[in-house]
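Colleague: What follows is structure.txt, compact mmCIF, C-alpha atoms and all ligand atoms.
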# COMPACT_ATOMS: atom_id res chain seq x y z
CA MET A 28 111.09 90.61 87.00
CA LYS A 29 107.61 89.18 87.06
CA ILE A 30 104.74 91.66 87.16
CA LEU A 31 101.16 90.63 87.75
CA GLY A 32 98.36 92.92 86.56
CA VAL A 33 95.02 92.52 88.30
CA LEU A 34 91.90 93.97 86.71
CA GLY A 35 89.03 94.72 89.09
CA SER A 36 86.55 95.86 86.45
CA PRO A 37 84.10 93.43 84.88
CA ARG A 38 84.18 95.60 81.74
CA GLY A 39 86.81 94.18 79.37
CA GLY A 40 88.28 96.97 77.23
CA GLY A 41 86.94 99.48 79.76
CA ASN A 42 88.70 102.37 81.40
CA SER A 43 90.65 100.53 84.09
CA ASP A 44 91.58 97.86 81.54
CA ILE A 45 93.06 100.57 79.30
CA LEU A 46 95.16 101.89 82.21
CA LEU A 47 96.27 98.40 83.20
CA ASP A 48 97.40 97.63 79.64
CA GLN A 49 99.41 100.85 79.65
CA ALA A 50 101.09 99.98 82.96
CA LEU A 51 101.91 96.47 81.79
CA ALA A 52 103.32 97.86 78.54
CA GLY A 53 105.56 100.14 80.61
CA ALA A 54 106.73 97.19 82.70
CA LYS A 55 107.35 95.16 79.57
CA GLU A 56 109.46 97.95 78.15
CA MET A 57 111.71 97.56 81.20
CA GLY A 58 112.16 93.88 80.36
CA ALA A 59 109.62 92.49 82.85
CA LYS A 60 107.52 89.41 82.23
CA VAL A 61 103.90 90.46 82.59
CA GLU A 62 100.68 88.58 83.17
CA LYS A 63 97.16 89.99 83.41
CA ILE A 64 94.44 88.48 85.57
CA ILE A 65 90.85 89.53 84.85
CA LEU A 66 89.11 88.88 88.15
CA SER A 67 85.61 88.81 86.66
CA ARG A 68 86.61 85.80 84.55
CA LYS A 69 87.70 83.91 87.67
CA LYS A 70 85.67 82.22 90.35
CA ILE A 71 86.60 83.96 93.59
CA SER A 72 84.29 83.64 96.58
CA GLY A 73 84.42 85.94 99.57
CA CYS A 74 86.45 85.07 102.67
CA ILE A 75 84.30 83.13 105.16
CA ASP A 76 86.47 83.85 108.23
CA CYS A 77 86.81 80.16 109.06
CA THR A 78 90.33 80.97 110.41
CA LYS A 79 91.73 77.67 109.06
CA CYS A 80 94.34 79.58 107.05
CA ASN A 81 95.66 81.08 110.31
CA GLU A 82 97.25 77.68 110.95
CA THR A 83 97.86 76.34 107.47
CA GLY A 84 98.41 79.36 105.26
CA ILE A 85 96.13 77.74 102.73
CA CYS A 86 92.53 78.75 102.07
CA VAL A 87 89.89 76.05 102.39
CA ILE A 88 87.84 77.51 99.53
CA ARG A 89 88.76 75.55 96.41
CA ASP A 90 88.35 78.14 93.69
CA ASP A 91 90.53 80.18 91.34
CA MET A 92 92.06 82.20 94.17
CA LEU A 93 94.32 79.27 95.05
CA GLU A 94 96.12 79.63 91.74
CA ILE A 95 96.17 83.43 92.13
CA HIS A 96 97.74 83.06 95.60
CA LYS A 97 100.64 81.20 93.97
CA LYS A 98 101.01 83.86 91.28
CA ILE A 99 101.04 86.61 93.94
CA LEU A 100 103.83 84.84 95.82
CA LYS A 101 105.93 84.46 92.68
CA ALA A 102 105.42 88.01 91.39
CA ASP A 103 107.91 90.76 92.13
CA ALA A 104 105.16 93.34 91.91
CA ILE A 105 101.40 93.48 91.46
CA ILE A 106 99.57 96.28 89.70
CA HIS A 107 95.85 96.66 90.44
CA SER A 108 93.44 98.65 88.32
CA VAL A 109 89.90 99.13 89.55
CA PRO A 110 86.90 101.38 89.03
CA LEU A 111 84.84 102.97 91.78
CA TYR A 112 81.47 101.36 92.42
CA PHE A 113 79.32 103.16 94.99
CA TRP A 114 82.30 104.90 96.64
CA ALA A 115 84.22 101.65 97.02
CA MET A 116 86.19 99.06 95.06
CA THR A 117 84.26 96.58 92.91
CA SER A 118 83.03 93.35 94.48
CA GLN A 119 85.49 91.40 92.31
CA MET A 120 88.45 93.31 93.72
CA LYS A 121 87.15 93.14 97.29
CA ALA A 122 86.68 89.37 97.19
CA TYR A 123 90.23 89.03 95.83
CA LEU A 124 91.68 91.33 98.49
CA ASP A 125 89.83 89.65 101.37
CA ARG A 126 91.25 86.32 100.27
CA TRP A 127 94.76 87.65 100.95
CA CYS A 128 93.79 86.61 104.48
CA ALA A 129 95.39 83.22 103.73
CA PHE A 130 98.85 84.82 103.73
CA PHE A 131 98.54 85.80 107.40
CA ASP A 132 98.63 83.96 110.71
CA GLY A 133 96.24 84.53 113.63
CA ASN A 134 98.13 87.68 114.66
CA TRP A 135 97.99 89.24 111.21
CA ASN A 136 101.67 88.58 110.60
CA TRP A 137 102.77 87.01 107.32
CA HIS A 138 103.02 83.25 107.64
CA LYS A 139 106.71 82.43 108.08
CA ALA A 140 106.93 80.67 104.73
CA TYR A 141 105.46 83.69 102.94
CA ALA A 142 107.19 86.56 104.75
CA PRO A 143 110.39 86.53 102.65
CA LYS A 144 108.33 86.58 99.46
CA MET A 145 105.81 89.17 100.58
CA LYS A 146 107.60 91.74 102.75
CA GLY A 147 108.43 94.80 100.70
CA LYS A 148 106.67 93.50 97.59
CA ARG A 149 105.76 96.39 95.32
CA ILE A 150 102.10 97.16 94.89
CA GLY A 151 100.65 99.41 92.22
CA LEU A 152 97.15 100.85 92.28
CA MET A 153 95.14 102.72 89.66
CA THR A 154 91.60 103.94 90.28
CA VAL A 155 88.96 105.13 87.83
CA CYS A 156 85.74 106.93 88.72
CA GLY A 157 82.96 108.53 86.71
CA ASP A 158 83.09 111.65 88.86
CA PRO A 159 85.37 114.33 87.34
CA ASN A 160 87.07 114.61 90.74
CA VAL A 161 89.55 111.71 90.78
CA HIS A 162 89.68 111.85 94.58
CA THR A 163 86.11 110.55 94.78
CA ALA A 164 87.87 107.17 94.49
CA ASP A 165 90.02 107.83 97.57
CA PRO A 166 88.19 105.20 99.66
CA ILE A 167 89.85 102.57 97.44
CA VAL A 168 93.22 104.21 97.97
CA HIS A 169 92.63 104.24 101.72
CA SER A 170 91.88 100.52 101.72
CA PHE A 171 95.02 99.62 99.76
CA ARG A 172 97.25 102.09 101.62
CA ALA A 173 96.20 100.81 105.04
CA THR A 174 96.57 97.19 103.92
CA CYS A 175 100.08 97.86 102.60
CA LYS A 176 101.07 99.81 105.70
CA PHE A 177 100.03 97.15 108.20
CA SER A 178 101.63 94.34 106.24
CA GLY A 179 104.84 95.96 105.01
CA LEU A 180 104.00 96.01 101.32
CA LYS A 181 105.38 98.91 99.31
CA LEU A 182 102.60 100.94 97.69
CA LEU A 183 103.88 103.07 94.83
CA PRO A 184 102.31 106.47 94.06
CA VAL A 185 98.72 105.82 93.03
CA VAL A 186 97.40 106.74 89.58
CA GLN A 187 93.88 108.18 89.68
CA ALA A 188 91.77 109.17 86.70
CA SER A 189 88.19 109.93 85.74
CA ALA A 190 86.17 108.44 82.90
CA PHE A 191 82.62 107.24 82.58
CA GLY A 192 81.73 105.69 79.19
CA LYS A 193 83.45 102.49 78.15
CA GLY A 194 86.82 103.22 76.57
CA GLU A 195 86.64 106.95 77.28
CA MET A 196 90.02 106.64 79.02
CA ASP A 197 91.65 106.11 75.67
CA LYS A 198 91.46 109.89 75.10
CA ASN A 199 93.11 110.69 78.45
CA LYS A 200 96.75 110.98 77.39
CA LYS A 201 97.88 112.22 80.81
CA ALA A 202 96.41 109.27 82.71
CA LYS A 203 97.69 106.78 80.17
CA LYS A 204 101.20 108.23 80.46
CA GLU A 205 101.01 108.07 84.28
CA ALA A 206 99.95 104.43 84.06
CA TYR A 207 102.79 103.66 81.67
CA GLU A 208 105.28 105.37 84.00
CA LEU A 209 103.92 103.41 86.98
CA GLY A 210 104.59 100.22 85.02
CA ARG A 211 108.13 101.34 84.19
CA LYS A 212 108.83 102.35 87.78
CA ILE A 213 107.44 99.21 89.37
CA ALA A 214 109.59 97.10 87.07
CA THR A 215 112.78 99.02 87.81
CA PRO A 216 114.96 97.02 90.23
C1 LIG B 301 77.55 99.79 89.77
C2 LIG B 301 78.33 101.03 89.47
C3 LIG B 301 78.56 101.94 90.47
C4 LIG B 301 79.30 103.09 90.23
N1 LIG B 301 79.52 103.97 91.26
C5 LIG B 301 80.25 105.09 91.04
C6 LIG B 301 80.52 105.99 92.11
O1 LIG B 301 80.15 105.78 93.26
N2 LIG B 301 81.21 107.12 91.84
C7 LIG B 301 81.69 107.39 90.58
O2 LIG B 301 82.31 108.43 90.41
N3 LIG B 301 81.47 106.54 89.54
C8 LIG B 301 80.77 105.40 89.75
N4 LIG B 301 80.55 104.51 88.71
C9 LIG B 301 81.13 104.81 87.38
C10 LIG B 301 82.41 104.00 87.08
O3 LIG B 301 83.38 104.18 88.09
C11 LIG B 301 82.97 104.48 85.75
O4 LIG B 301 82.04 104.26 84.72
C12 LIG B 301 84.28 103.83 85.36
O5 LIG B 301 84.81 104.43 84.23
C13 LIG B 301 84.13 102.34 85.09
O6 LIG B 301 85.41 101.81 84.81
P1 LIG B 301 85.63 100.56 83.82
O7 LIG B 301 85.36 101.03 82.43
O8 LIG B 301 87.03 100.18 84.04
O9 LIG B 301 84.69 99.50 84.25
C14 LIG B 301 79.80 103.35 88.93
C15 LIG B 301 79.55 102.42 87.91
C16 LIG B 301 78.82 101.29 88.16
C17 LIG B 301 78.57 100.30 87.05
Before we go any further, please render this structure as structure tokens.
Modeller:
Amino acid sequence: MKILGVLGSPRGGGNSDILLDQALAGAKEMGAKVEKIILSRKKISGCIDCTKCNETGICVIRDDMLEIHKKILKADAIIHSVPLYFWAMTSQMKAYLDRWCAFFDGNWNWHKAYAPKMKGKRIGLMTVCGDPNVHTADPIVHSFRATCKFSGLKLLPVVQASAFGKGEMDKNKKAKKEAYELGRKIATP
């Protein structure tokens, strides 16, 4: 199994990074091949709604998302980890998600060539917010859940945790265990 980890925080070694590493370690334990993509180190512009991909399935913007598109297609599962910025996902994660547009035709169906690779693909999500109430990050969950529902992706139970200072998550044994278990589960055939 190939598992892709996608980090939506620009803070390397930060709280969502800690959770992502845990999840990928869990997946690895199950024998999966894992790869981590740090979105803030990539050049990913926002979707410009030019609709060209509706016909071609390929985005006209020549940046790092083209390579990420290929990795998404090849992966058996993708685990996302992202902090809450102003009651929403980070701009890095949003630009990445909007560029999934290239997988769909003009009717928001998977392009024929992609459908067999994408339908039912497992999606993991972990959110981190500074607020002690983990559900403050629910707007991110809503966005991913609705996206998965309309497109037939399989969203696994979401891991949500709170932490504010960089690396504070390291002390949160419960959240780290949940992340690890998500990684194990997503990599279980
Ligand atoms: C620009 C910005 C906006 C933020 N907005 C929120 C917010 O709306 N609600 C919240 O609970 N925490 C908010 N936070 C706190 C982060 O979610 C928190 O520090 C988190 O642990 C960062 O995760 P990271 O270490 O993975 O980057 C914000 C942080 C930044 C930098």
Colleague: Give me, as JSON, numbers by chain, all polymer residues having an atom no more than 10 Å from A:Glu195, counting all atoms listed in the file and skipping those fewer than 5 positions away in the same chain.
Modeller: {"A": [41, 42, 45, 189, 190]}
Colleague: Measure the distance from atom C11 of ligand LIG 301 (chain B) to atom CA of A:Tyr123 in Å and round it to one decimal.
Modeller: 19.8 Å
Colleague: Looking at only C-alpha atoms, which of A:Ile88, A:Leu93, A:Val168, A:Cys80 is the one that sits closest to A:Leu111?
Modeller: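 Going through A:Ile88, A:Leu93, A:Val168, A:Cys80 one by one, the smallest distance to A:Leu111 is for A:Val168.
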Colleague: Which residues form the shell of 6 Å around ligand LIG 301 (chain B) when you count all atoms listed in the file, given as a list in words?
Modeller: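 Checked against 6 Å with all atoms listed in the file; the hits are Ser36, Arg38, Gly41, Asn42, Ser43, Asp44, Pro110, Leu111, Tyr112, Phe113, Trp114, Val155, Cys156, Gly157, Asp158, Ala190, Phe191, Gly192 and Lys193 of chain A.
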Colleague: What does the distance from atom CA of A:Val61 to atom CA of A:Ile30 come to in Å, to one decimal?
Modeller: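 Answer for the atom CA of A:Val61 to atom CA of A:Ile30 separation: 4.8 Å.
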Colleague: For A:Thr154, which residue among A:Ser118, A:Lys98, A:Ala202, A:Phe130 is the nearest when counting all atoms listed in the file?
Modeller: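 Under the stated criterion, the closest residue is A:Ala202.
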Colleague: Could you please determine the separation between atom CA of A:Ala122 and atom CA of A:Glu208 in Å, to one decimal place?
Modeller: 27.9 Å
Colleague: Do a neighbour search on A:Ser108 at 6 Å with only C-alpha atoms, toss out local chain neighbours closer than 3 positions, and write the hits as a tab-separated table (two decimals) with C-alpha atoms, keeping the file's coordinate frame.
Modeller:
chain	number	residue	atom	x	y	z
A	34	LEU	CA	91.90	93.97	86.71
A	35	GLY	CA	89.03	94.72	89.09
A	43	SER	CA	90.65	100.53	84.09
A	47	LEU	CA	96.27	98.40	83.20
A	152	LEU	CA	97.15	100.85	92.28
A	153	MET	CA	95.14	102.72	89.66
A	154	THR	CA	91.60	103.94	90.28
Colleague: As a PyMOL selection string, please: the residues near A:Met28 (cut-off 8 Å, only C-alpha atoms, same-chain neighbours under 3 positions excluded).
Modeller: chain A and resi 58-60+102-103+214
Colleague: Using all atoms listed in the file, can you tell me which of A:Val161, A:Ile65, A:Ala104, A:Val109 comes closest to A:Thr215?
Modeller: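 Going through A:Val161, A:Ile65, A:Ala104, A:Val109 one by one, the smallest distance to A:Thr215 is for A:Ala104.
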Colleague: How would you write as a short mmCIF file (atom, residue, chain, number, x, y, z; two decimals) with C-alpha atoms, keeping the file's coordinate frame the residues that get within 8 Å of (99.5, 106.5, 94.1) in the file's frame, counting all atoms listed in the file?
Modeller:
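Result file is point_34.cif:
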data_model
loop_
_atom_site.label_atom_id
_atom_site.label_comp_id
_atom_site.auth_asym_id
_atom_site.auth_seq_id
_atom_site.Cartn_x
_atom_site.Cartn_y
_atom_site.Cartn_z
CA GLY A 151 100.65 99.41 92.22
CA LEU A 152 97.15 100.85 92.28
CA MET A 153 95.14 102.72 89.66
CA VAL A 168 93.22 104.21 97.97
CA LEU A 182 102.60 100.94 97.69
CA LEU A 183 103.88 103.07 94.83
CA PRO A 184 102.31 106.47 94.06
CA VAL A 185 98.72 105.82 93.03
CA VAL A 186 97.40 106.74 89.58
CA GLN A 187 93.88 108.18 89.68
#
Colleague: List every protein, DNA or RNA residue with an atom no more than 10 Å from (102.5, 87.1, 109.2) in the file's coordinates, counting all atoms listed in the file, and format the result as a ChimeraX atom specification.
Modeller: /A:81,84,128-142,145-146,178
Colleague: Just want the 10 Å neighbourhood of A:Asp125, counted on all atoms listed in the file, with same-chain residues fewer than 5 positions away dropped. Output as a PyMOL selection string.
Modeller: chain A and resi 72-76+120
Colleague: Which polymer residues have any atom within 8 Å of an atom of A:Pro37, counting only C-alpha atoms, with same-chain residues fewer than 4 positions away left out, as a list in words?
Modeller: Ile65, Leu66, Ser67 and Gln119 of chain A
Colleague: Pick the closest to A:Met116 from A:Asn199, A:Asn160, A:Thr83, A:Ser170: which is it, counting all atoms listed in the file?
Modeller: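 Under the stated criterion, the closest residue is A:Ser170.
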Colleague: When distances are computed from all atoms listed in the file, which of A:Leu180, A:Ala173, A:Ile99, A:Ala115 shows the smallest separation from A:Leu31?
Modeller: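 Checking each candidate against A:Leu31, we get A:Ile99 as the closest.
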Colleague: Given all atoms listed in the file as the basis, pick out the residue of A:Gly194, A:Gly210, A:Pro216, A:Gly147 nearest to A:Gln49.
Modeller: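 Nearest candidate to A:Gln49 out of A:Gly194, A:Gly210, A:Pro216, A:Gly147: A:Gly210.
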Colleague: Output stretch 60-76 of chain A as a compact mmCIF listing (two decimals), keeping the file's coordinate frame, making sure N, CA, C and O atoms are there.
Modeller:
# COMPACT_ATOMS: atom_id res chain seq x y z
N LYS A 60 108.51 90.36 82.73
CA LYS A 60 107.52 89.41 82.23
C LYS A 60 106.20 89.82 82.84
O LYS A 60 106.12 89.96 84.07
N VAL A 61 105.17 89.99 82.03
CA VAL A 61 103.90 90.46 82.59
C VAL A 61 102.78 89.45 82.37
O VAL A 61 102.79 88.71 81.38
N GLU A 62 101.86 89.43 83.30
CA GLU A 62 100.68 88.58 83.17
C GLU A 62 99.48 89.35 83.70
O GLU A 62 99.57 90.02 84.73
N LYS A 63 98.36 89.28 82.97
CA LYS A 63 97.16 89.99 83.41
C LYS A 63 96.10 89.00 83.89
O LYS A 63 95.82 88.02 83.20
N ILE A 64 95.54 89.30 85.05
CA ILE A 64 94.44 88.48 85.57
C ILE A 64 93.17 89.33 85.55
O ILE A 64 93.14 90.42 86.12
N ILE A 65 92.14 88.82 84.89
CA ILE A 65 90.85 89.53 84.85
C ILE A 65 89.95 88.86 85.89
O ILE A 65 89.47 87.73 85.69
N LEU A 66 89.79 89.53 87.01
CA LEU A 66 89.11 88.88 88.15
C LEU A 66 87.70 88.42 87.81
O LEU A 66 87.26 87.38 88.29
N SER A 67 87.00 89.18 86.97
CA SER A 67 85.61 88.81 86.66
C SER A 67 85.50 87.52 85.85
O SER A 67 84.43 86.94 85.73
N ARG A 68 86.63 87.07 85.29
CA ARG A 68 86.61 85.80 84.55
C ARG A 68 87.01 84.64 85.46
O ARG A 68 87.13 83.50 85.01
N LYS A 69 87.29 84.94 86.72
CA LYS A 69 87.70 83.91 87.67
C LYS A 69 86.59 83.68 88.68
O LYS A 69 85.77 84.57 88.94
N LYS A 70 86.63 82.50 89.28
CA LYS A 70 85.67 82.22 90.35
C LYS A 70 86.39 82.52 91.67
O LYS A 70 87.34 81.82 92.04
N ILE A 71 85.96 83.58 92.32
CA ILE A 71 86.60 83.96 93.59
C ILE A 71 85.50 84.29 94.60
O ILE A 71 84.85 85.34 94.53
N SER A 72 85.30 83.40 95.54
CA SER A 72 84.29 83.64 96.58
C SER A 72 84.87 84.55 97.65
O SER A 72 86.08 84.71 97.76
N GLY A 73 83.97 85.09 98.47
CA GLY A 73 84.42 85.94 99.57
C GLY A 73 85.01 85.10 100.70
O GLY A 73 84.71 83.91 100.84
N CYS A 74 85.88 85.73 101.49
CA CYS A 74 86.45 85.07 102.67
C CYS A 74 85.30 84.72 103.63
O CYS A 74 84.36 85.51 103.81
N ILE A 75 85.38 83.54 104.23
CA ILE A 75 84.30 83.13 105.16
C ILE A 75 84.78 83.15 106.62
O ILE A 75 84.09 82.67 107.51
N ASP A 76 85.95 83.70 106.86
CA ASP A 76 86.47 83.85 108.23
C ASP A 76 86.42 82.54 109.02
O ASP A 76 86.05 82.54 110.19
